[in-house]
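Next comes upload_10.cif, with mmCIF, C-alpha atoms and all ligand atoms.
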```
data_model
#
loop_
_atom_site.label_atom_id
_atom_site.label_comp_id
_atom_site.auth_asym_id
_atom_site.auth_seq_id
_atom_site.Cartn_x
_atom_site.Cartn_y
_atom_site.Cartn_z
CA MET A 1 -117.74 96.54 169.66
CA ALA A 2 -116.93 98.50 166.46
CA ARG A 3 -119.85 100.30 164.87
CA THR A 4 -121.61 98.20 162.25
CA THR A 5 -122.00 100.01 158.95
CA VAL A 6 -124.11 98.88 156.00
CA THR A 7 -123.19 100.58 152.72
CA PRO A 8 -125.33 99.83 149.67
CA ALA A 9 -123.08 98.69 146.84
CA GLY A 10 -125.40 98.39 143.84
CA GLY A 11 -128.64 99.97 142.70
CA SER A 12 -130.52 96.68 142.61
CA ALA A 13 -128.78 94.44 145.16
CA GLY A 14 -125.67 94.18 147.29
CA ALA A 15 -124.22 95.94 150.33
CA TYR A 16 -120.95 95.98 152.23
CA VAL A 17 -121.14 95.36 155.95
CA THR A 18 -118.19 96.56 158.03
CA GLY A 19 -117.44 96.81 161.73
CA ILE A 20 -118.03 93.13 162.48
CA ASP A 21 -115.28 90.59 163.15
CA LEU A 22 -116.88 87.25 162.36
CA ALA A 23 -114.07 85.30 164.03
CA LYS A 24 -115.06 86.89 167.34
CA THR A 25 -118.76 87.38 167.08
CA ASN A 26 -121.77 85.37 167.48
CA ASP A 27 -123.17 88.47 169.07
CA ALA A 28 -126.95 88.43 168.56
CA GLU A 29 -127.10 92.14 167.65
CA GLU A 30 -124.42 91.79 164.99
CA ILE A 31 -126.05 88.69 163.53
CA ALA A 32 -129.37 90.55 163.49
CA ALA A 33 -127.68 93.48 161.70
CA ILE A 34 -126.32 91.11 159.04
CA ARG A 35 -129.73 89.45 158.61
CA ASP A 36 -131.43 92.86 158.30
CA ALA A 37 -128.87 93.92 155.70
CA LEU A 38 -129.50 90.68 153.80
CA LEU A 39 -133.25 91.22 153.81
CA ALA A 40 -132.78 94.77 152.54
CA HIS A 41 -130.02 94.10 149.95
CA GLN A 42 -130.26 90.34 149.14
CA VAL A 43 -126.44 89.94 149.11
CA VAL A 44 -123.90 91.29 151.58
CA ALA A 45 -120.12 91.24 151.59
CA LEU A 46 -117.95 91.56 154.69
CA PRO A 47 -114.37 92.35 153.67
CA ASP A 48 -111.17 91.59 155.60
CA GLN A 49 -112.38 88.65 157.69
CA LYS A 50 -109.87 86.16 159.10
CA LEU A 51 -111.78 82.91 159.48
CA GLY A 52 -110.96 79.29 160.06
CA LEU A 53 -113.40 76.58 159.00
CA GLU A 54 -114.78 76.33 162.55
CA ASP A 55 -115.52 80.08 162.53
CA LEU A 56 -117.35 79.65 159.24
CA GLU A 57 -119.39 76.78 160.69
CA CYS A 58 -120.26 78.75 163.85
CA PHE A 59 -121.33 81.75 161.80
CA THR A 60 -123.45 79.50 159.58
CA ASP A 61 -125.12 78.10 162.69
CA ALA A 62 -125.78 81.61 164.01
CA LEU A 63 -127.46 82.54 160.72
CA GLY A 64 -129.90 79.64 160.95
CA GLY A 65 -128.04 76.33 161.11
CA ARG A 66 -125.64 74.52 158.81
CA ASP A 67 -127.01 72.24 156.12
CA VAL A 68 -125.36 69.80 153.71
CA THR A 69 -124.53 70.66 150.12
CA PRO A 70 -125.39 67.52 148.14
CA PHE A 71 -123.27 66.12 145.30
CA VAL A 72 -120.07 67.99 146.20
CA LYS A 73 -117.55 66.20 148.42
CA PRO A 74 -117.13 68.15 151.66
CA ILE A 75 -113.79 69.03 153.20
CA ASP A 76 -112.45 66.17 155.37
CA GLY A 77 -113.67 66.59 158.95
CA HIS A 78 -116.11 69.36 157.92
CA PRO A 79 -119.17 67.67 156.44
CA PHE A 80 -120.98 70.97 155.91
CA VAL A 81 -118.17 72.85 154.15
CA ILE A 82 -117.27 72.50 150.47
CA ARG A 83 -114.22 73.83 148.69
CA ILE A 84 -114.69 75.68 145.39
CA LEU A 85 -111.37 75.61 143.61
CA LYS A 86 -110.04 76.30 140.15
CA GLU A 87 -106.33 75.67 139.57
CA PRO A 88 -104.24 77.55 136.99
CA HIS A 89 -104.21 74.63 134.51
CA GLU A 90 -108.01 74.20 134.60
CA LYS A 91 -110.46 75.66 132.12
CA LEU A 92 -113.75 74.93 133.90
CA ASN A 93 -114.97 76.65 137.05
CA PHE A 94 -117.85 75.83 139.37
CA ALA A 95 -121.20 77.61 139.06
CA ASN A 96 -120.58 79.24 135.69
CA ALA A 97 -124.31 79.44 134.95
CA TRP A 98 -127.21 81.37 136.48
CA HIS A 99 -128.85 79.43 139.29
CA THR A 100 -130.39 79.52 142.76
CA ASP A 101 -128.59 77.19 145.13
CA LEU A 102 -130.11 73.74 145.65
CA SER A 103 -133.59 74.71 144.44
CA TYR A 104 -134.07 70.99 143.72
CA LEU A 105 -134.39 70.23 147.46
CA GLU A 106 -137.69 70.15 149.31
CA ALA A 107 -136.34 72.83 151.68
CA PRO A 108 -133.57 74.68 149.82
CA PRO A 109 -131.05 76.72 151.85
CA SER A 110 -132.14 80.16 152.95
CA PHE A 111 -128.64 81.61 152.60
CA THR A 112 -125.31 80.58 151.13
CA VAL A 113 -122.08 81.70 152.79
CA LEU A 114 -118.95 81.96 150.62
CA TYR A 115 -115.54 82.86 152.03
CA CYS A 116 -112.68 83.83 149.75
CA LEU A 117 -109.23 82.36 150.37
CA GLU A 118 -107.45 83.17 147.12
CA THR A 119 -108.28 85.26 144.06
CA PRO A 120 -106.80 85.59 140.60
CA PRO A 121 -105.02 88.93 139.98
CA ALA A 122 -108.13 90.04 138.06
CA GLY A 123 -111.49 88.42 137.29
CA GLY A 124 -113.32 85.64 139.12
CA ASP A 125 -116.14 87.98 140.19
CA THR A 126 -119.59 86.70 141.17
CA VAL A 127 -122.79 88.34 139.92
CA TRP A 128 -126.21 88.21 141.58
CA ALA A 129 -129.62 89.08 140.13
CA ASN A 130 -132.49 90.36 142.28
CA GLN A 131 -135.51 88.09 141.75
CA TYR A 132 -138.00 90.47 143.40
CA MET A 133 -137.20 92.90 140.60
CA ALA A 134 -137.33 90.13 138.03
CA PHE A 135 -140.93 89.47 139.10
CA GLU A 136 -142.02 93.12 139.51
CA THR A 137 -140.84 94.06 136.02
CA LEU A 138 -142.93 91.46 134.19
CA SER A 139 -146.21 92.53 132.64
CA PRO A 140 -149.29 92.27 134.91
CA GLY A 141 -150.64 89.51 132.65
CA LEU A 142 -147.54 87.34 132.91
CA ARG A 143 -147.27 87.99 136.65
CA ASP A 144 -150.84 86.73 137.09
CA THR A 145 -150.11 83.65 134.99
CA LEU A 146 -146.95 82.82 136.91
CA LEU A 147 -148.67 83.22 140.27
CA GLY A 148 -150.83 80.22 139.33
CA LEU A 149 -147.95 77.98 138.23
CA SER A 150 -145.51 75.56 139.79
CA ALA A 151 -142.28 74.22 138.32
CA VAL A 152 -140.37 70.98 138.58
CA HIS A 153 -136.76 71.25 139.80
CA SER A 154 -134.04 68.58 139.63
CA ALA A 155 -130.27 68.41 139.96
CA GLY A 156 -130.18 65.47 137.52
CA PRO A 157 -128.91 67.14 134.34
CA ALA A 158 -126.14 68.86 136.34
CA TYR A 159 -125.16 66.32 139.05
CA GLY A 160 -126.84 63.09 138.01
CA THR A 161 -124.87 60.01 137.02
CA GLY A 162 -124.16 60.57 133.33
CA GLY A 163 -125.09 64.27 133.64
CA TYR A 164 -123.03 67.30 132.63
CA LEU A 165 -120.74 67.45 135.66
CA ASP A 166 -120.17 63.69 135.63
CA GLY A 167 -118.69 64.18 132.16
CA VAL A 168 -116.29 66.96 133.19
CA LYS A 169 -115.63 66.24 136.89
CA ASP A 170 -112.08 65.01 136.25
CA LYS A 171 -111.23 68.39 134.78
CA MET A 172 -112.28 70.28 137.91
CA SER A 173 -110.68 70.59 141.36
CA THR A 174 -114.08 71.22 142.95
CA ARG A 175 -114.94 67.67 144.01
CA ILE A 176 -118.19 66.78 142.27
CA GLU A 177 -119.95 63.57 143.41
CA PRO A 178 -122.47 62.61 140.72
CA SER A 179 -125.33 60.43 141.92
CA PRO A 180 -128.48 58.77 140.60
CA ASP A 181 -130.26 60.52 143.52
CA ALA A 182 -129.73 63.84 141.75
CA TYR A 183 -132.53 62.88 139.32
CA ARG A 184 -135.16 63.23 142.06
CA GLU A 185 -137.72 65.88 141.27
CA GLN A 186 -139.21 68.54 143.50
CA THR A 187 -142.05 70.90 142.64
CA HIS A 188 -142.05 74.51 143.86
CA PRO A 189 -144.24 77.53 143.12
CA ALA A 190 -143.00 79.60 140.18
CA VAL A 191 -143.33 82.70 142.36
CA ILE A 192 -142.60 82.36 146.05
CA ALA A 193 -143.44 84.57 148.99
CA HIS A 194 -140.19 85.36 150.75
CA PRO A 195 -140.70 83.83 154.21
CA GLU A 196 -139.31 86.89 156.01
CA THR A 197 -140.14 89.91 153.83
CA GLY A 198 -143.38 88.45 152.43
CA LYS A 199 -142.49 89.91 149.00
CA PRO A 200 -143.05 87.86 145.82
CA ALA A 201 -139.91 86.62 144.06
CA LEU A 202 -139.47 84.62 140.85
CA TYR A 203 -138.27 81.12 141.70
CA LEU A 204 -137.21 79.68 138.34
CA ASN A 205 -133.59 79.12 137.30
CA PRO A 206 -131.98 77.59 134.22
CA VAL A 207 -129.75 75.04 135.98
CA TYR A 208 -132.34 73.30 138.15
CA THR A 209 -135.80 74.23 136.85
CA GLN A 210 -136.72 71.53 134.36
CA ARG A 211 -140.28 72.42 133.32
CA ILE A 212 -143.53 74.06 134.31
CA ALA A 213 -145.63 71.45 136.12
CA GLY A 214 -148.43 70.11 133.93
CA TRP A 215 -147.21 71.76 130.72
CA SER A 216 -145.74 70.08 127.63
CA LYS A 217 -142.00 70.45 127.10
CA ALA A 218 -142.52 72.76 124.11
CA GLU A 219 -144.90 75.02 126.05
CA SER A 220 -142.63 74.99 129.04
CA ASP A 221 -139.43 75.69 127.10
CA GLY A 222 -141.08 78.70 125.44
CA LEU A 223 -142.12 80.34 128.70
CA LEU A 224 -139.00 79.38 130.66
CA GLY A 225 -136.70 80.62 127.88
CA HIS A 226 -138.31 84.05 128.16
CA ILE A 227 -138.22 84.05 131.98
CA PHE A 228 -134.60 82.85 132.27
CA HIS A 229 -133.49 85.67 129.96
CA HIS A 230 -135.59 88.34 131.69
CA ALA A 231 -134.70 87.25 135.26
CA VAL A 232 -131.01 88.14 134.90
CA ASN A 233 -131.37 91.44 133.09
CA GLU A 234 -128.26 93.53 133.87
CA ASN A 235 -130.46 96.13 135.53
CA PHE A 236 -131.27 93.68 138.33
CA THR A 237 -127.66 92.68 139.05
CA TRP A 238 -124.76 93.41 141.34
CA ARG A 239 -121.20 92.18 140.80
CA LEU A 240 -118.70 91.55 143.60
CA LYS A 241 -114.96 91.80 143.11
CA TRP A 242 -113.50 89.41 145.67
CA ALA A 243 -110.36 89.75 147.76
CA PRO A 244 -108.92 87.14 150.13
CA GLY A 245 -110.79 87.51 153.41
CA THR A 246 -114.07 88.69 151.84
CA LEU A 247 -117.08 86.74 153.05
CA ALA A 248 -120.31 87.04 151.06
CA ILE A 249 -123.76 85.85 152.05
CA TRP A 250 -126.71 85.72 149.71
CA ASP A 251 -130.39 85.04 150.09
CA ASN A 252 -131.43 82.16 147.83
CA ARG A 253 -135.12 83.04 148.26
CA CYS A 254 -134.75 86.19 146.14
CA THR A 255 -131.58 85.90 144.03
CA GLN A 256 -129.84 83.95 141.31
CA HIS A 257 -126.06 84.08 140.89
CA PHE A 258 -123.30 83.33 138.38
CA ALA A 259 -119.54 82.77 138.92
CA LEU A 260 -117.50 84.27 136.10
CA ASN A 261 -114.87 82.13 134.41
CA ASP A 262 -112.51 84.80 133.08
CA TYR A 263 -109.24 84.01 134.87
CA HIS A 264 -107.61 81.05 133.11
CA GLY A 265 -104.03 80.51 134.25
CA HIS A 266 -104.74 81.64 137.82
CA ARG A 267 -105.94 80.06 141.04
CA ARG A 268 -109.20 80.90 142.84
CA GLU A 269 -110.22 79.20 146.08
CA MET A 270 -113.33 79.62 148.18
CA VAL A 271 -115.08 77.68 150.94
CA ARG A 272 -118.83 77.53 151.15
CA THR A 273 -121.59 76.56 153.55
CA SER A 274 -125.38 76.44 153.28
CA VAL A 275 -127.82 77.77 155.88
CA LYS A 276 -130.95 75.68 156.54
CA GLY A 277 -134.07 76.91 154.78
CA SER A 278 -137.74 76.01 154.55
CA LYS A 279 -140.09 74.65 151.90
CA PRO A 280 -140.92 77.53 149.51
CA LYS A 281 -144.53 78.80 149.71
CA ALA A 282 -146.46 80.32 146.86
CA ALA A 283 -146.86 84.08 146.65
CA LYS A 284 -150.52 85.14 146.83
CA ALA A 285 -152.23 86.17 143.63
C1 LIG B 301 -121.46 79.13 144.02
O1 LIG B 301 -122.38 79.20 143.24
O2 LIG B 301 -121.63 78.67 145.13
C2 LIG B 301 -120.07 79.61 143.69
C3 LIG B 301 -120.00 81.05 143.46
C4 LIG B 301 -118.59 81.49 143.20
O3 LIG B 301 -117.65 80.66 143.21
O4 LIG B 301 -118.40 82.66 142.98
#
```
Encoded form using structure tokens:
Amino acid sequence: MARTTVTPAGGSAGAYVTGIDLAKTNDAEEIAAIRDALLAHQVVALPDQKLGLEDLECFTDALGGRDVTPFVKPIDGHPFVIRILKEPHEKLNFANAWHTDLSYLEAPPSFTVLYCLETPPAGGDTVWANQYMAFETLSPGLRDTLLGLSAVHSAGPAYGTGGYLDGVKDKMSTRIEPSPDAYREQTHPAVIAHPETGKPALYLNPVYTQRIAGWSKAESDGLLGHIFHHAVNENFTWRLKWAPGTLAIWDNRCTQHFALNDYHGHRREMVRTSVKGSKPKAAKA
């Protein structure tokens, strides 16, 4: 077994993990090393992997179990794997807005796994923002206020029938499946206790968080506008330059992410799985 090395890649989040061949391993020590690196750095990238879809599924299982990704058509024969694809003639990419994956579910995924098959010659990076830092850097007064709040999440405006992606789905190779079910609402604490580290993390994102529970829209928009801006301050971020064969994993309980759309005229292809998570619990005041 090659020696596993974890090299921090950014000041606020991100690390490279080398010395693990994910096509060979479901070695418990190596999986534990990846999980530890994730808990310490929120996002990890493993370059130079050579994976088939079955390898990706097995690795997802080893991390905690595969889960579905609603409202995106999975790859035929692989109901837990979605393809994220932008062709050279397309102008829109997938995930070009800050968000936490599937926060509209009762038990959102703990981790997302994204494997790079093809990159543009330049661009197409992904950026993550550390949501522990986003919380820690608020004023004590606002932290106290947020610790007492919950927020309503829904995929409706993005994936609902008649929603944003329904209107543009024919212009995208990523296979969006709009549904009336996307309008379901789920309430989560505004600040969650990470189930493994116990640390408080902001859990509000501009794609899926619709409003603060029990507040008027005007009140809610005011507070959320401030939080959404603060939560992705450049000082909390790390940006990954992909190469074919890079696999990244991120922890949805303490990050938001954004896929840049700066590579028109070129192809970018990824495959993605979700790792089962649990119902978010409130951080203690
Ligand atoms: C995603 O949000 O799952 C996609 C990220 C990316 O394509 O970089």
- Task: Go through the chains and note each residue within 7 Å of ligand LIG 301 (chain B), using all atoms listed in the file, then give the set as a ChimeraX atom specification.
- Result: /A:84,94-95,101,114,125-126,257-259,270,272
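The nearest approach to Pro47 (chain A) among the residues A:Lys241, A:Arg253, A:Arg268, A:Arg3, with all atoms listed in the file taken into account, belongs to A:Lys241.
The smallest atom-to-atom distance between Leu46 (chain A) and any of A:Ile75, A:Ile192, A:His89, A:Val17, using all atoms listed in the file, is found for A:Val17.
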Using all atoms listed in the file, what table do you get, as a Markdown table, when you list each residue of region 74-104 of chain A with an atom no more than 12 Å from region 226-234 of chain A, its nearest pair of atoms, and their distance in Å rounded to one decimal, rows by chain then rising number?
```
| residue | atom | partner | partner_atom | distance |
| --- | --- | --- | --- | --- |
| A:Ala97 | CA | A:Val232 | CA | 11.0 |
| A:Trp98 | CA | A:Val232 | CA | 7.9 |
| A:His99 | CA | A:Phe228 | CA | 9.7 |
| A:Thr100 | CA | A:Ala231 | CA | 11.6 |
```
Would you mind exporting the chosen residues as a JSON list (two decimals), in the frame of the given file, restricted to C-alpha atoms?
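Output below, filename result.json:
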```
[["chain", "number", "residue", "atom", "x", "y", "z"],
["A", 97, "ALA", "CA", -124.31, 79.44, 134.95],
["A", 98, "TRP", "CA", -127.21, 81.37, 136.48],
["A", 99, "HIS", "CA", -128.85, 79.43, 139.29],
["A", 100, "THR", "CA", -130.39, 79.52, 142.76]]
```
- Item | Top pick for closest residue to Gly19 (chain A), considering A:Tyr263, A:Ala33, A:Thr4, A:Val72 and counting all atoms listed in the file | A:Thr4
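Each of A:Ile212, A:Ala285, A:Val81, A:Leu223 was compared to His153 (chain A) using only C-alpha atoms, and A:Ile212 turns out to be the nearest.
Within 12 Å of the point (-123.7, 100.9, 143.6), counting all atoms listed in the file, the protein and nucleic acid residues come to Thr7, Pro8, Ala9, Gly10, Gly11, Ser12, Ala13, Gly14, Ala15, Tyr16, His41, Asn235, Phe236, Thr237, Trp238, Arg239 and Leu240 of chain A.
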- Select, from A:Pro108, A:Gly52, A:Pro189, A:Gly124, the residue with the minimum atom-to-atom distance to Arg66 (chain A), counting only C-alpha atoms. A:Pro108
- Polymer residues at most 10 Å from Ser274 (chain A), all atoms listed in the file, same-chain spacing of 6 or more positions, as a PyMOL selection string: chain A and resi 57+60-61+63-69+80-82+101-102+108-114+249+252
- Which residue gives the smallest distance to Asp221 (chain A) among A:Trp250, A:Ala151, A:Ala62, A:Asn96, with all atoms listed in the file counted? A:Ala151
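In this structure, CA of Asp55 (chain A) sits 13.9 Å away from CA of Leu117 (chain A).
Picture a line from CA of Glu177 (chain A) to CA of Lys91 (chain A); it runs 19.1 Å.
Shell of Pro88 (chain A) at 8 Å, with only C-alpha atoms counted and residues fewer than 4 places along the chain excluded, is His264, Gly265, His266 and Arg267 of chain A.
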- Just give me the gap between CA of Thr209 (chain A) and CA of Gly156 (chain A) in Å, one decimal is fine. 10.4 Å
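Every protein, DNA or RNA residue with an atom at most 12 Å from Gly163 (chain A), where only C-alpha atoms count and chain neighbours fewer than 4 positions away do not, is listed here: Phe71, Ser154, Ala155, Gly156, Pro157, Ala158, Tyr159, Gly167, Val168, Lys169, Ile176, Glu177, Pro178, Ser179, Pro180, Asp181, Ala182, Tyr183 and Val207 of chain A.
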- Please provide the set of residues having any atom within 7 Å of Met172 (chain A), restricted to all atoms listed in the file, with same-chain residues fewer than 6 positions apart removed, written as a PyMOL selection string. chain A and resi 86+90+92-93
Could you work out an axis-aligned box for region 95-102 of chain A, taking every atom the file lists and adding 5 Å on each side, and report centre and edge lengths in Å to one decimal, as JSON?
```
{"center_x": -125.5, "center_y": 77.6, "center_z": 140.3, "size_x": 19.8, "size_y": 17.6, "size_z": 20.7}
```
I need region 174-194 of chain A written out with N, CA and C atoms, as a short mmCIF file (atom, residue, chain, number, x, y, z; two decimals), in the first residue's frame; please produce it.
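So the final result, stored in result-v2.cif, reads:
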```cif
data_model
loop_
_atom_site.label_atom_id
_atom_site.label_comp_id
_atom_site.auth_asym_id
_atom_site.auth_seq_id
_atom_site.Cartn_x
_atom_site.Cartn_y
_atom_site.Cartn_z
N THR A 174 -26.74 18.38 -19.21
CA THR A 174 -27.05 17.74 -17.92
C THR A 174 -28.56 17.54 -17.91
N ARG A 175 -29.00 16.30 -17.65
CA ARG A 175 -30.40 15.95 -17.90
C ARG A 175 -31.29 16.29 -16.70
N ILE A 176 -31.83 17.48 -16.72
CA ILE A 176 -32.69 17.95 -15.64
C ILE A 176 -34.09 17.33 -15.80
N GLU A 177 -34.66 16.90 -14.67
CA GLU A 177 -36.03 16.34 -14.68
C GLU A 177 -36.92 17.14 -13.74
N PRO A 178 -37.47 18.26 -14.22
CA PRO A 178 -38.31 19.09 -13.36
C PRO A 178 -39.51 18.29 -12.85
N SER A 179 -39.98 18.66 -11.66
CA SER A 179 -41.08 17.90 -11.07
C SER A 179 -41.87 18.80 -10.13
N PRO A 180 -43.19 18.55 -10.03
CA PRO A 180 -43.97 19.29 -9.02
C PRO A 180 -43.50 18.93 -7.60
N ASP A 181 -42.91 17.73 -7.43
CA ASP A 181 -42.43 17.32 -6.09
C ASP A 181 -41.33 18.24 -5.57
N ALA A 182 -40.66 18.93 -6.49
CA ALA A 182 -39.54 19.79 -6.06
C ALA A 182 -40.04 20.93 -5.16
N TYR A 183 -41.35 21.23 -5.23
CA TYR A 183 -41.86 22.35 -4.42
C TYR A 183 -42.08 21.98 -2.95
N ARG A 184 -41.83 20.71 -2.61
CA ARG A 184 -41.94 20.34 -1.18
C ARG A 184 -40.99 21.19 -0.36
N GLU A 185 -41.40 21.45 0.88
CA GLU A 185 -40.57 22.28 1.75
C GLU A 185 -40.04 21.47 2.93
N GLN A 186 -38.87 21.85 3.37
CA GLN A 186 -38.22 21.17 4.50
C GLN A 186 -37.59 22.24 5.38
N THR A 187 -37.79 22.13 6.67
CA THR A 187 -37.23 23.14 7.57
C THR A 187 -36.00 22.56 8.28
N HIS A 188 -34.92 23.35 8.28
CA HIS A 188 -33.68 22.95 8.96
C HIS A 188 -33.20 24.11 9.83
N PRO A 189 -32.43 23.79 10.88
CA PRO A 189 -31.83 24.87 11.68
C PRO A 189 -30.95 25.77 10.80
N ALA A 190 -30.91 27.05 11.13
CA ALA A 190 -30.06 27.98 10.37
C ALA A 190 -28.58 27.72 10.63
N VAL A 191 -28.29 27.19 11.82
CA VAL A 191 -26.91 26.82 12.17
C VAL A 191 -26.97 25.37 12.65
N ILE A 192 -26.21 24.51 11.99
CA ILE A 192 -26.26 23.10 12.37
C ILE A 192 -24.99 22.71 13.12
N ALA A 193 -25.14 21.67 13.94
CA ALA A 193 -23.97 21.07 14.58
C ALA A 193 -23.50 19.97 13.64
N HIS A 194 -22.27 20.07 13.18
CA HIS A 194 -21.76 19.02 12.29
C HIS A 194 -21.83 17.69 13.04
#
```
